[in-house]
$ cat coords.pdb   # PDB, C-alpha atoms and all ligand atoms
ATOM      1  CA  MET A1435      37.513  74.884   8.277
ATOM      2  CA  ASN A1436      41.211  74.446   9.139
ATOM      3  CA  LEU A1437      42.851  71.168  10.114
ATOM      4  CA  THR A1438      43.621  72.147  13.708
ATOM      5  CA  ASP A1439      40.553  74.316  14.519
ATOM      6  CA  ILE A1440      39.167  71.440  16.595
ATOM      7  CA  PRO A1441      42.281  69.654  17.784
ATOM      8  CA  ILE A1442      40.789  66.198  18.337
ATOM      9  CA  GLY A1443      39.911  64.169  15.244
ATOM     10  CA  ILE A1444      38.858  60.618  14.419
ATOM     11  CA  GLY A1445      41.334  57.894  13.412
ATOM     12  CA  THR A1446      40.126  54.899  11.399
ATOM     13  CA  TRP A1447      42.930  52.334  11.035
ATOM     14  CA  PHE A1448      41.441  48.792  11.355
ATOM     15  CA  LEU A1449      37.875  50.168  11.133
ATOM     16  CA  GLY A1450      35.686  48.466   8.535
ATOM     17  CA  GLU A1451      37.566  45.169   8.785
ATOM     18  CA  ASP A1452      35.245  43.290  11.164
ATOM     19  CA  ARG A1453      31.596  42.980  10.063
ATOM     20  CA  ARG A1454      30.450  42.416  13.646
ATOM     21  CA  LYS A1455      31.822  45.783  14.735
ATOM     22  CA  ARG A1456      30.497  47.751  11.763
ATOM     23  CA  ASP A1457      27.388  49.242  13.396
ATOM     24  CA  SER A1458      29.302  50.301  16.475
ATOM     25  CA  GLU A1459      32.093  51.832  14.359
ATOM     26  CA  ILE A1460      29.649  53.848  12.257
ATOM     27  CA  THR A1461      27.772  54.976  15.363
ATOM     28  CA  ALA A1462      31.075  55.989  16.963
ATOM     29  CA  ILE A1463      32.121  58.121  13.974
ATOM     30  CA  ARG A1464      28.698  59.790  13.818
ATOM     31  CA  ARG A1465      28.798  60.398  17.566
ATOM     32  CA  GLY A1466      32.150  62.090  17.108
ATOM     33  CA  LEU A1467      30.669  64.411  14.471
ATOM     34  CA  ASP A1468      27.635  65.103  16.689
ATOM     35  CA  LEU A1469      30.057  66.113  19.457
ATOM     36  CA  GLY A1470      31.696  68.626  17.141
ATOM     37  CA  LEU A1471      34.736  66.655  15.978
ATOM     38  CA  ARG A1472      35.449  67.388  12.335
ATOM     39  CA  VAL A1473      38.634  65.725  11.094
ATOM     40  CA  ILE A1474      38.379  62.099   9.942
ATOM     41  CA  ASP A1475      41.668  60.408   9.047
ATOM     42  CA  THR A1476      41.713  57.389   6.741
ATOM     43  CA  ALA A1477      43.986  55.879   4.067
ATOM     44  CA  GLU A1478      43.788  53.679   1.001
ATOM     45  CA  MET A1479      45.982  51.221   2.939
ATOM     46  CA  TYR A1480      43.546  50.676   5.823
ATOM     47  CA  GLY A1481      41.808  47.370   5.173
ATOM     48  CA  SER A1482      42.728  47.808   1.494
ATOM     49  CA  GLY A1483      39.954  50.388   1.124
ATOM     50  CA  ALA A1484      37.541  48.957   3.716
ATOM     51  CA  SER A1485      38.149  51.864   6.109
ATOM     52  CA  GLU A1486      37.441  54.445   3.398
ATOM     53  CA  GLU A1487      34.208  52.614   2.487
ATOM     54  CA  LEU A1488      33.108  52.604   6.120
ATOM     55  CA  VAL A1489      33.872  56.329   6.438
ATOM     56  CA  GLY A1490      31.930  56.995   3.231
ATOM     57  CA  GLU A1491      28.919  55.273   4.773
ATOM     58  CA  ALA A1492      29.298  57.027   8.134
ATOM     59  CA  ILE A1493      29.430  60.530   6.616
ATOM     60  CA  ALA A1494      26.748  60.048   3.947
ATOM     61  CA  GLY A1495      24.517  63.131   3.912
ATOM     62  CA  ARG A1496      26.851  65.192   6.098
ATOM     63  CA  ARG A1497      29.985  65.664   4.014
ATOM     64  CA  ASP A1498      30.024  69.381   4.863
ATOM     65  CA  ASP A1499      30.450  68.558   8.569
ATOM     66  CA  VAL A1500      33.714  66.777   7.859
ATOM     67  CA  PHE A1501      37.319  67.725   7.209
ATOM     68  CA  LEU A1502      38.254  64.572   5.308
ATOM     69  CA  VAL A1503      41.830  63.270   5.176
ATOM     70  CA  SER A1504      43.179  60.262   3.267
ATOM     71  CA  LYS A1505      46.613  59.030   2.217
ATOM     72  CA  VAL A1506      48.374  57.668  -0.824
ATOM     73  CA  LEU A1507      50.699  54.663  -0.499
ATOM     74  CA  PRO A1508      54.365  55.114  -1.484
ATOM     75  CA  SER A1509      53.935  52.468  -4.202
ATOM     76  CA  ASN A1510      51.292  54.733  -5.836
ATOM     77  CA  ALA A1511      53.282  57.953  -5.519
ATOM     78  CA  SER A1512      54.150  58.416  -9.214
ATOM     79  CA  ALA A1513      52.456  61.193 -11.213
ATOM     80  CA  SER A1514      49.814  58.905 -12.727
ATOM     81  CA  GLY A1515      49.681  56.695  -9.618
ATOM     82  CA  VAL A1516      48.723  59.552  -7.295
ATOM     83  CA  ARG A1517      45.833  60.543  -9.531
ATOM     84  CA  ARG A1518      44.593  56.951  -9.888
ATOM     85  CA  ALA A1519      44.833  56.292  -6.150
ATOM     86  CA  LEU A1520      43.091  59.564  -5.343
ATOM     87  CA  GLU A1521      40.207  58.839  -7.698
ATOM     88  CA  ALA A1522      39.785  55.378  -6.161
ATOM     89  CA  SER A1523      39.760  56.884  -2.647
ATOM     90  CA  LEU A1524      37.155  59.477  -3.682
ATOM     91  CA  TYR A1525      35.002  56.698  -5.126
ATOM     92  CA  ARG A1526      35.199  54.601  -1.928
ATOM     93  CA  LEU A1527      34.497  57.662   0.221
ATOM     94  CA  ASN A1528      31.616  58.620  -2.068
ATOM     95  CA  THR A1529      32.742  62.236  -2.351
ATOM     96  CA  ASP A1530      34.194  64.556  -4.977
ATOM     97  CA  HIS A1531      36.984  66.038  -2.905
ATOM     98  CA  LEU A1532      39.271  65.526   0.081
ATOM     99  CA  ASP A1533      40.166  68.370   2.398
ATOM    100  CA  LEU A1534      43.682  67.019   2.820
ATOM    101  CA  TYR A1535      45.674  64.258   1.091
ATOM    102  CA  LEU A1536      48.846  62.866   2.631
ATOM    103  CA  TYR A1537      51.869  61.047   1.255
ATOM    104  CA  HIS A1538      51.706  58.110   3.725
ATOM    105  CA  TRP A1539      55.444  57.551   3.979
ATOM    106  CA  ARG A1540      58.365  58.180   1.715
ATOM    107  CA  GLY A1541      59.063  55.559  -0.930
ATOM    108  CA  HIS A1542      61.193  55.179  -4.037
ATOM    109  CA  HIS A1543      59.421  57.635  -6.347
ATOM    110  CA  ARG A1544      61.185  60.966  -6.857
ATOM    111  CA  LEU A1545      59.872  63.377  -4.222
ATOM    112  CA  GLU A1546      59.528  66.140  -6.798
ATOM    113  CA  GLU A1547      57.251  63.991  -8.961
ATOM    114  CA  THR A1548      55.005  63.107  -6.027
ATOM    115  CA  VAL A1549      54.781  66.713  -4.859
ATOM    116  CA  GLU A1550      53.916  67.895  -8.370
ATOM    117  CA  ALA A1551      51.136  65.300  -8.601
ATOM    118  CA  LEU A1552      49.745  66.371  -5.218
ATOM    119  CA  GLN A1553      49.907  70.026  -6.195
ATOM    120  CA  ALA A1554      48.126  69.250  -9.487
ATOM    121  CA  ALA A1555      45.306  67.621  -7.507
ATOM    122  CA  VAL A1556      44.988  70.842  -5.473
ATOM    123  CA  ASP A1557      44.913  72.915  -8.667
ATOM    124  CA  ASP A1558      42.190  70.651 -10.089
ATOM    125  CA  GLY A1559      40.049  71.054  -6.955
ATOM    126  CA  LEU A1560      40.204  67.376  -5.988
ATOM    127  CA  ILE A1561      41.963  68.100  -2.696
ATOM    128  CA  GLY A1562      42.051  71.200  -0.535
ATOM    129  CA  ALA A1563      45.689  70.751   0.487
ATOM    130  CA  TRP A1564      48.447  68.140   0.621
ATOM    131  CA  GLY A1565      50.716  66.983   3.382
ATOM    132  CA  VAL A1566      53.097  64.221   4.395
ATOM    133  CA  SER A1567      53.358  61.538   7.039
ATOM    134  CA  ASN A1568      56.313  59.873   8.771
ATOM    135  CA  PHE A1569      58.743  62.490   7.412
ATOM    136  CA  ASP A1570      61.831  63.001   9.597
ATOM    137  CA  PRO A1571      63.890  66.224   9.706
ATOM    138  CA  ALA A1572      66.018  65.190   6.698
ATOM    139  CA  ASP A1573      62.866  64.461   4.664
ATOM    140  CA  MET A1574      61.455  67.833   5.696
ATOM    141  CA  ASP A1575      64.659  69.486   4.500
ATOM    142  CA  ASP A1576      64.278  67.733   1.128
ATOM    143  CA  LEU A1577      60.824  69.324   0.807
ATOM    144  CA  ALA A1578      62.253  72.721   1.756
ATOM    145  CA  ASP A1579      64.913  72.258  -0.936
ATOM    146  CA  LEU A1580      62.067  71.839  -3.440
ATOM    147  CA  GLY A1581      60.651  75.155  -2.212
ATOM    148  CA  VAL A1582      57.401  73.616  -0.933
ATOM    149  CA  THR A1583      55.743  73.413   2.486
ATOM    150  CA  PRO A1584      53.299  70.602   3.347
ATOM    151  CA  ALA A1585      50.166  71.522   5.304
ATOM    152  CA  THR A1586      50.979  68.892   7.911
ATOM    153  CA  ASN A1587      53.316  66.086   8.894
ATOM    154  CA  GLN A1588      51.369  63.215  10.473
ATOM    155  CA  ILE A1589      53.705  61.446  12.890
ATOM    156  CA  LEU A1590      53.769  59.033  15.810
ATOM    157  CA  TYR A1591      53.544  61.274  18.858
ATOM    158  CA  ASN A1592      52.275  60.488  22.336
ATOM    159  CA  LEU A1593      53.489  60.483  25.953
ATOM    160  CA  LEU A1594      55.621  57.379  25.284
ATOM    161  CA  ARG A1595      57.013  58.727  21.980
ATOM    162  CA  ARG A1596      58.340  62.191  22.715
ATOM    163  CA  GLY A1597      61.389  62.043  20.422
ATOM    164  CA  PRO A1598      59.999  64.587  17.895
ATOM    165  CA  GLU A1599      60.041  67.292  20.595
ATOM    166  CA  TYR A1600      63.816  67.510  20.295
ATOM    167  CA  ASP A1601      64.175  68.453  16.636
ATOM    168  CA  LEU A1602      61.249  67.648  14.340
ATOM    169  CA  LEU A1603      58.515  69.591  16.132
ATOM    170  CA  PRO A1604      60.562  72.827  16.489
ATOM    171  CA  LEU A1605      61.443  72.572  12.792
ATOM    172  CA  MET A1606      57.779  72.055  11.851
ATOM    173  CA  ARG A1607      56.682  74.993  14.002
ATOM    174  CA  GLU A1608      59.309  77.245  12.434
ATOM    175  CA  ARG A1609      58.108  76.283   8.932
ATOM    176  CA  GLY A1610      54.391  76.498   9.716
ATOM    177  CA  VAL A1611      53.718  72.750   9.314
ATOM    178  CA  ASP A1612      50.859  71.492  11.507
ATOM    179  CA  LEU A1613      51.280  68.408  13.696
ATOM    180  CA  MET A1614      48.901  65.467  13.264
ATOM    181  CA  ALA A1615      49.694  63.129  16.180
ATOM    182  CA  TYR A1616      48.911  59.544  15.190
ATOM    183  CA  SER A1617      48.496  56.633  17.635
ATOM    184  CA  PRO A1618      48.081  59.271  20.376
ATOM    185  CA  LEU A1619      47.051  56.490  22.802
ATOM    186  CA  GLU A1620      49.911  54.227  21.693
ATOM    187  CA  GLN A1621      47.179  51.842  20.498
ATOM    188  CA  GLY A1622      45.986  51.434  24.094
ATOM    189  CA  ARG A1623      49.411  50.522  25.532
ATOM    190  CA  LEU A1624      49.604  53.930  27.218
ATOM    191  CA  PHE A1625      47.260  52.628  29.902
ATOM    192  CA  GLN A1626      49.299  49.543  30.760
ATOM    193  CA  GLY A1627      51.944  48.797  33.389
ATOM    194  CA  GLN A1628      53.450  51.256  35.854
ATOM    195  CA  PRO A1629      53.325  54.293  33.493
ATOM    196  CA  GLY A1630      49.619  53.565  32.893
ATOM    197  CA  LYS A1631      48.988  53.434  36.647
ATOM    198  CA  LEU A1632      50.785  56.757  37.202
ATOM    199  CA  LEU A1633      48.911  58.326  34.266
ATOM    200  CA  SER A1634      45.628  57.264  35.927
ATOM    201  CA  GLU A1635      46.670  58.925  39.176
ATOM    202  CA  ILE A1636      47.617  62.198  37.458
ATOM    203  CA  ALA A1637      44.364  62.139  35.487
ATOM    204  CA  ALA A1638      42.310  61.551  38.651
ATOM    205  CA  GLU A1639      43.979  64.541  40.305
ATOM    206  CA  ALA A1640      43.265  66.609  37.207
ATOM    207  CA  GLY A1641      39.607  65.536  37.326
ATOM    208  CA  THR A1642      39.684  63.758  33.965
ATOM    209  CA  THR A1643      40.393  60.334  32.469
ATOM    210  CA  PRO A1644      43.779  58.950  31.339
ATOM    211  CA  ALA A1645      42.756  58.990  27.657
ATOM    212  CA  ALA A1646      41.406  62.546  27.755
ATOM    213  CA  LEU A1647      44.536  63.738  29.581
ATOM    214  CA  ALA A1648      46.886  62.019  27.113
ATOM    215  CA  LEU A1649      45.021  63.554  24.171
ATOM    216  CA  ALA A1650      44.905  67.042  25.675
ATOM    217  CA  TRP A1651      48.651  66.767  26.315
ATOM    218  CA  ALA A1652      49.382  65.706  22.703
ATOM    219  CA  VAL A1653      47.691  68.852  21.351
ATOM    220  CA  ARG A1654      48.895  71.320  23.981
ATOM    221  CA  GLU A1655      50.736  73.448  21.370
ATOM    222  CA  PRO A1656      48.785  75.497  18.806
ATOM    223  CA  GLY A1657      48.790  74.026  15.300
ATOM    224  CA  SER A1658      48.298  70.453  16.549
ATOM    225  CA  ILE A1659      45.639  67.783  16.241
ATOM    226  CA  ALA A1660      45.479  64.215  17.593
ATOM    227  CA  ILE A1661      43.470  61.516  15.812
ATOM    228  CA  PRO A1662      42.561  58.746  18.295
ATOM    229  CA  ARG A1663      40.715  55.737  16.966
ATOM    230  CA  THR A1664      37.882  53.947  18.733
ATOM    231  CA  SER A1665      35.089  51.631  17.691
ATOM    232  CA  SER A1666      33.103  52.567  20.787
ATOM    233  CA  PRO A1667      30.645  55.503  20.903
ATOM    234  CA  GLU A1668      31.242  55.880  24.664
ATOM    235  CA  ARG A1669      34.991  56.126  24.209
ATOM    236  CA  MET A1670      34.454  58.621  21.387
ATOM    237  CA  GLU A1671      32.715  60.814  23.983
ATOM    238  CA  GLU A1672      35.583  60.336  26.400
ATOM    239  CA  ASN A1673      38.129  61.230  23.723
ATOM    240  CA  ALA A1674      36.167  64.322  22.680
ATOM    241  CA  SER A1675      36.151  65.439  26.328
ATOM    242  CA  ALA A1676      39.889  66.114  25.908
ATOM    243  CA  LEU A1677      38.796  69.396  24.330
ATOM    244  CA  GLN A1678      37.637  70.530  27.785
ATOM    245  CA  VAL A1679      40.797  69.564  29.703
ATOM    246  CA  THR A1680      42.958  72.427  30.986
ATOM    247  CA  LEU A1681      46.600  71.546  31.517
ATOM    248  CA  THR A1682      48.161  73.361  34.472
ATOM    249  CA  PRO A1683      51.946  73.710  34.930
ATOM    250  CA  GLU A1684      51.645  71.191  37.805
ATOM    251  CA  ILE A1685      49.985  68.563  35.607
ATOM    252  CA  LEU A1686      52.599  69.089  32.883
ATOM    253  CA  ARG A1687      55.393  68.710  35.440
ATOM    254  CA  ASP A1688      53.875  65.494  36.841
ATOM    255  CA  LEU A1689      53.598  64.075  33.304
ATOM    256  CA  ASP A1690      57.223  65.037  32.532
ATOM    257  CA  GLU A1691      58.370  63.086  35.580
ATOM    258  CA  VAL A1692      56.759  59.875  34.376
ATOM    259  CA  PHE A1693      57.140  60.363  30.626
ATOM    260  CA  THR A1694      60.502  62.095  30.270
ATOM    261  CA  PRO A1695      61.120  64.492  27.384
ATOM    262  CA  PRO A1696      64.026  63.683  25.010
ATOM    263  CA  SER A1697      67.493  64.965  25.920
ATOM    264  CA  GLY A1698      68.967  64.392  22.449
ATOM    265  CA  PRO A1699      67.977  63.489  18.880
ATOM    266  CA  ARG A1700      66.242  60.157  18.319
ATOM    267  CA  PRO A1701      65.370  58.552  14.965
ATOM    268  CA  LEU A1702      61.710  59.167  14.113
ATOM    269  CA  GLU A1703      59.699  56.173  15.277
ATOM    270  CA  VAL A1704      56.877  54.736  13.174
ATOM    271  CA  LEU A1705      54.100  52.197  13.674
TER     272      LEU A1705
HETATM  273  P1  LIG B   1      45.346  54.879  18.985
HETATM  274  O1  LIG B   1      46.563  55.339  19.707
HETATM  275  O2  LIG B   1      44.328  55.851  18.570
HETATM  276  O3  LIG B   1      44.682  53.753  19.898
HETATM  277  C1  LIG B   1      43.573  53.012  19.476
HETATM  278  C2  LIG B   1      43.297  51.943  20.528
HETATM  279  O4  LIG B   1      42.995  52.575  21.771
HETATM  280  C3  LIG B   1      42.155  51.051  20.177
HETATM  281  O5  LIG B   1      42.504  49.743  20.579
HETATM  282  C4  LIG B   1      41.001  51.588  21.010
HETATM  283  O6  LIG B   1      40.173  50.510  21.364
HETATM  284  C5  LIG B   1      41.709  52.146  22.215
HETATM  285  N1  LIG B   1      41.025  53.336  22.771
HETATM  286  C6  LIG B   1      40.496  54.376  22.088
HETATM  287  N2  LIG B   1      39.968  55.283  22.922
HETATM  288  C7  LIG B   1      40.163  54.808  24.170
HETATM  289  C8  LIG B   1      39.829  55.281  25.462
HETATM  290  N3  LIG B   1      39.181  56.428  25.624
HETATM  291  N4  LIG B   1      40.187  54.537  26.537
HETATM  292  C9  LIG B   1      40.835  53.362  26.375
HETATM  293  N5  LIG B   1      41.175  52.847  25.184
HETATM  294  C10 LIG B   1      40.842  53.563  24.081
HETATM  295  O7  LIG B   1      45.862  53.959  17.756
HETATM  296  P2  LIG B   1      45.925  54.051  16.177
HETATM  297  O8  LIG B   1      47.188  53.368  15.780
HETATM  298  O9  LIG B   1      44.669  53.595  15.567
HETATM  299  O10 LIG B   1      46.155  55.607  15.844
HETATM  300  C11 LIG B   1      45.103  56.516  15.618
HETATM  301  C12 LIG B   1      44.965  56.844  14.141
HETATM  302  O11 LIG B   1      46.149  57.434  13.625
HETATM  303  C13 LIG B   1      44.764  55.624  13.253
HETATM  304  O12 LIG B   1      43.507  55.046  13.413
HETATM  305  C14 LIG B   1      45.071  56.213  11.906
HETATM  306  O13 LIG B   1      43.976  56.982  11.440
HETATM  307  C15 LIG B   1      46.285  57.084  12.252
HETATM  308  N6  LIG B   1      47.580  56.392  12.059
HETATM  309  C16 LIG B   1      48.426  56.845  11.052
HETATM  310  C17 LIG B   1      49.641  56.236  10.822
HETATM  311  C18 LIG B   1      50.519  56.752   9.716
HETATM  312  O14 LIG B   1      51.502  56.089   9.362
HETATM  313  N7  LIG B   1      50.259  57.919   9.170
HETATM  314  C19 LIG B   1      50.102  55.087  11.613
HETATM  315  C20 LIG B   1      49.197  54.745  12.693
HETATM  316  C21 LIG B   1      47.995  55.383  12.892
HETATM  317  P3  LIG B   1      38.557  50.513  21.111
HETATM  318  O15 LIG B   1      38.362  50.602  19.631
HETATM  319  O16 LIG B   1      38.134  49.220  21.693
HETATM  320  O17 LIG B   1      38.024  51.714  21.832
END

$ encode --input "coords.pdb" --output "structure tokens" --more "lines below"
Ligand code: NDP
Amino acid sequence: MNLTDIPIGIGTWFLGEDRRKRDSEITAIRRGLDLGLRVIDTAEMYGSGASEELVGEAIAGRRDDVFLVSKVLPSNASASGVRRALEASLYRLNTDHLDLYLYHWRGHHRLEETVEALQAAVDDGLIGAWGVSNFDPADMDDLADLGVTPATNQILYNLLRRGPEYDLLPLMRERGVDLMAYSPLEQGRLFQGQPGKLLSEIAAEAGTTPAALALAWAVREPGSIAIPRTSSPERMEENASALQVTLTPEILRDLDEVFTPPSGPRPLEVL
């Protein structure tokens, strides 16, 4: 199974933090898997491990259905720190391996040391591959200088955050680095105000919903996946329906008019 085979995945930031929502969150994740979604994205940071524990519970008995992704915090990105953090994540997720492990954002540890630790985890069979997150073009060049290529760069990318289209995404495509679009719904803000109203109108014309359209748009290029988060099983179905949306040139042009593409370089935005 490759990361972008099924280009909609399951985000889990904030999941596992509210006891009252737990059943619904677990049902939502399982519904996503039943619908054929495969990638689950979590991190040691989310709820200080609570998200990983919730995911571990949701995927119990069906680990083989899942392409499991977690992330190491910059403060743990030393050689010994990566291994310790990884083992703790595996324990919380109740599994013996991750399919992909990401360096959450760049911190003060030497990049070479972090990359070596990630590569060692691949060699030891604890992770299938490693990648990065929130790396801008200069950070990507630092990796290239080390002679290594991450499997993916997980970045903030949605209709309201198109900056990466100018420089980062072409560079990633050229180097064979997959896109993982995080906060693809801008944490729900995509549906608000005048842009939200116009998005609804374009979606209605396209015969789909605003969320499904926004997700289909985020993964319109090969080698991309978006990882929306929801605690609702019904919304999980809606988000999975993005896989069936066909984007015509007319729809793309209408979206460009409301959500304009970048005309110059912009600093990489993060959430
Ligand atoms: P999203 O852009 O996925 O938006 C989530 C919000 O949108 C929730 O409030 C959810 O509410 C709502 N929502 C979900 N589906 C729908 C729908 N169909 N219609 C209307 N509203 C909807 O935000 P996230 O920031 O969570 O990003 C997604 C994932 O990306 C994270 O969960 C995490 O895994 C990853 N991430 C990674 C980062 C990094 O630094 N690497 C940073 C940020 C996120 P409800 O639950 O009520 O449905």

$ atom_distance --input "coords.pdb" --atom1 "atom CA of Ala1484 of chain A" --atom2 "atom CA of Leu1449 of chain A"
7.5 Å

$ axis_aligned_box --input "coords.pdb" --around "segment 1491-1506 of chain A" --padding-each-side "6 Å" --output "JSON"
{"center_x": 36.4, "center_y": 62.3, "center_z": 3.9, "size_x": 35.9, "size_y": 26.1, "size_z": 21.4}

$ residues_near_ligand --input "coords.pdb" --ligand "ligand LIG 1 (chain B)" --cutoff "6 Å" --atoms "only C-alpha atoms and all ligand atoms" --output "JSON, numbers by chain"
{"A": [1445, 1446, 1447, 1475, 1476, 1538, 1567, 1588, 1616, 1617, 1618, 1619, 1620, 1621, 1622, 1645, 1661, 1662, 1663, 1664, 1665, 1666, 1669, 1672, 1673, 1705]}

$ resolve_selection --input "coords.pdb" --expression "the PyMOL selection byres (((chain A and resi 1496) around 12) and not hetatm)" --output "PyMOL selection string"
chain A and resi 1463-1464+1467-1468+1472+1489-1495+1497-1502+1528-1529

$ atom_distance --input "coords.pdb" --atom1 "atom CA of Asp1573 of chain A" --atom2 "atom CA of Arg1540 of chain A"
8.3 Å

$ atom_distance --input "coords.pdb" --atom1 "atom CA of Pro1683 of chain A" --atom2 "atom CA of Ala1646 of chain A"
16.9 Å

$ closest_residue --input "coords.pdb" --among "A:Val1549, A:Ala1477, A:Pro1699, A:Phe1448" --to "Asp1570 of chain A" --atoms "all atoms listed in the file"
A:Pro1699

$ resolve_selection --input "coords.pdb" --expression "the PyMOL selection byres (((chain A and resi 1571) around 12) and not hetatm)" --output "count of residues only"
28

$ resolve_selection --input "coords.pdb" --expression "the PyMOL selection byres (((chain A and resi 1543-1546) around 9) and not hetatm)" --output "list of chain:residue names"
A:Pro1508, A:Ser1509, A:Asn1510, A:Ala1511, A:Ser1512, A:Arg1540, A:Gly1541, A:His1542, A:Glu1547, A:Thr1548, A:Val1549, A:Glu1550, A:Ala1551, A:Asp1576, A:Leu1577, A:Leu1580

$ write_last_selection --input "coords.pdb" --atoms "C-alpha atoms" --output "mmCIF file, in the coordinates of the input"
data_model
loop_
_atom_site.group_PDB
_atom_site.id
_atom_site.type_symbol
_atom_site.label_atom_id
_atom_site.label_comp_id
_atom_site.auth_asym_id
_atom_site.auth_seq_id
_atom_site.Cartn_x
_atom_site.Cartn_y
_atom_site.Cartn_z
ATOM 1 C CA PRO A 1508 54.365 55.114 -1.484
ATOM 2 C CA SER A 1509 53.935 52.468 -4.202
ATOM 3 C CA ASN A 1510 51.292 54.733 -5.836
ATOM 4 C CA ALA A 1511 53.282 57.953 -5.519
ATOM 5 C CA SER A 1512 54.150 58.416 -9.214
ATOM 6 C CA ARG A 1540 58.365 58.180 1.715
ATOM 7 C CA GLY A 1541 59.063 55.559 -0.930
ATOM 8 C CA HIS A 1542 61.193 55.179 -4.037
ATOM 9 C CA GLU A 1547 57.251 63.991 -8.961
ATOM 10 C CA THR A 1548 55.005 63.107 -6.027
ATOM 11 C CA VAL A 1549 54.781 66.713 -4.859
ATOM 12 C CA GLU A 1550 53.916 67.895 -8.370
ATOM 13 C CA ALA A 1551 51.136 65.300 -8.601
ATOM 14 C CA ASP A 1576 64.278 67.733 1.128
ATOM 15 C CA LEU A 1577 60.824 69.324 0.807
ATOM 16 C CA LEU A 1580 62.067 71.839 -3.440
#

$ closest_residue --input "coords.pdb" --among "A:Ala1615, A:Val1566, A:Ile1444, A:Met1479" --to "Arg1596 of chain A" --atoms "all atoms listed in the file"
A:Ala1615

$ closest_residue --input "coords.pdb" --among "A:Glu1684, A:Glu1668, A:Asp1533, A:Asp1579" --to "Asn1436 of chain A" --atoms "all atoms listed in the file"
A:Asp1533

$ closest_residue --input "coords.pdb" --among "A:Met1614, A:Leu1552, A:Ile1659, A:Val1653" --to "Ala1519 of chain A" --atoms "all atoms listed in the file"
A:Leu1552

$ closest_residue --input "coords.pdb" --among "A:Gly1483, A:Gly1630, A:Gly1610, A:Gly1470" --to "Gly1443 of chain A" --atoms "all atoms listed in the file"
A:Gly1470

$ closest_residue --input "coords.pdb" --among "A:Ala1637, A:Val1679, A:Ala1462, A:Ile1561" --to "Ser1504 of chain A" --atoms "all atoms listed in the file"
A:Ile1561
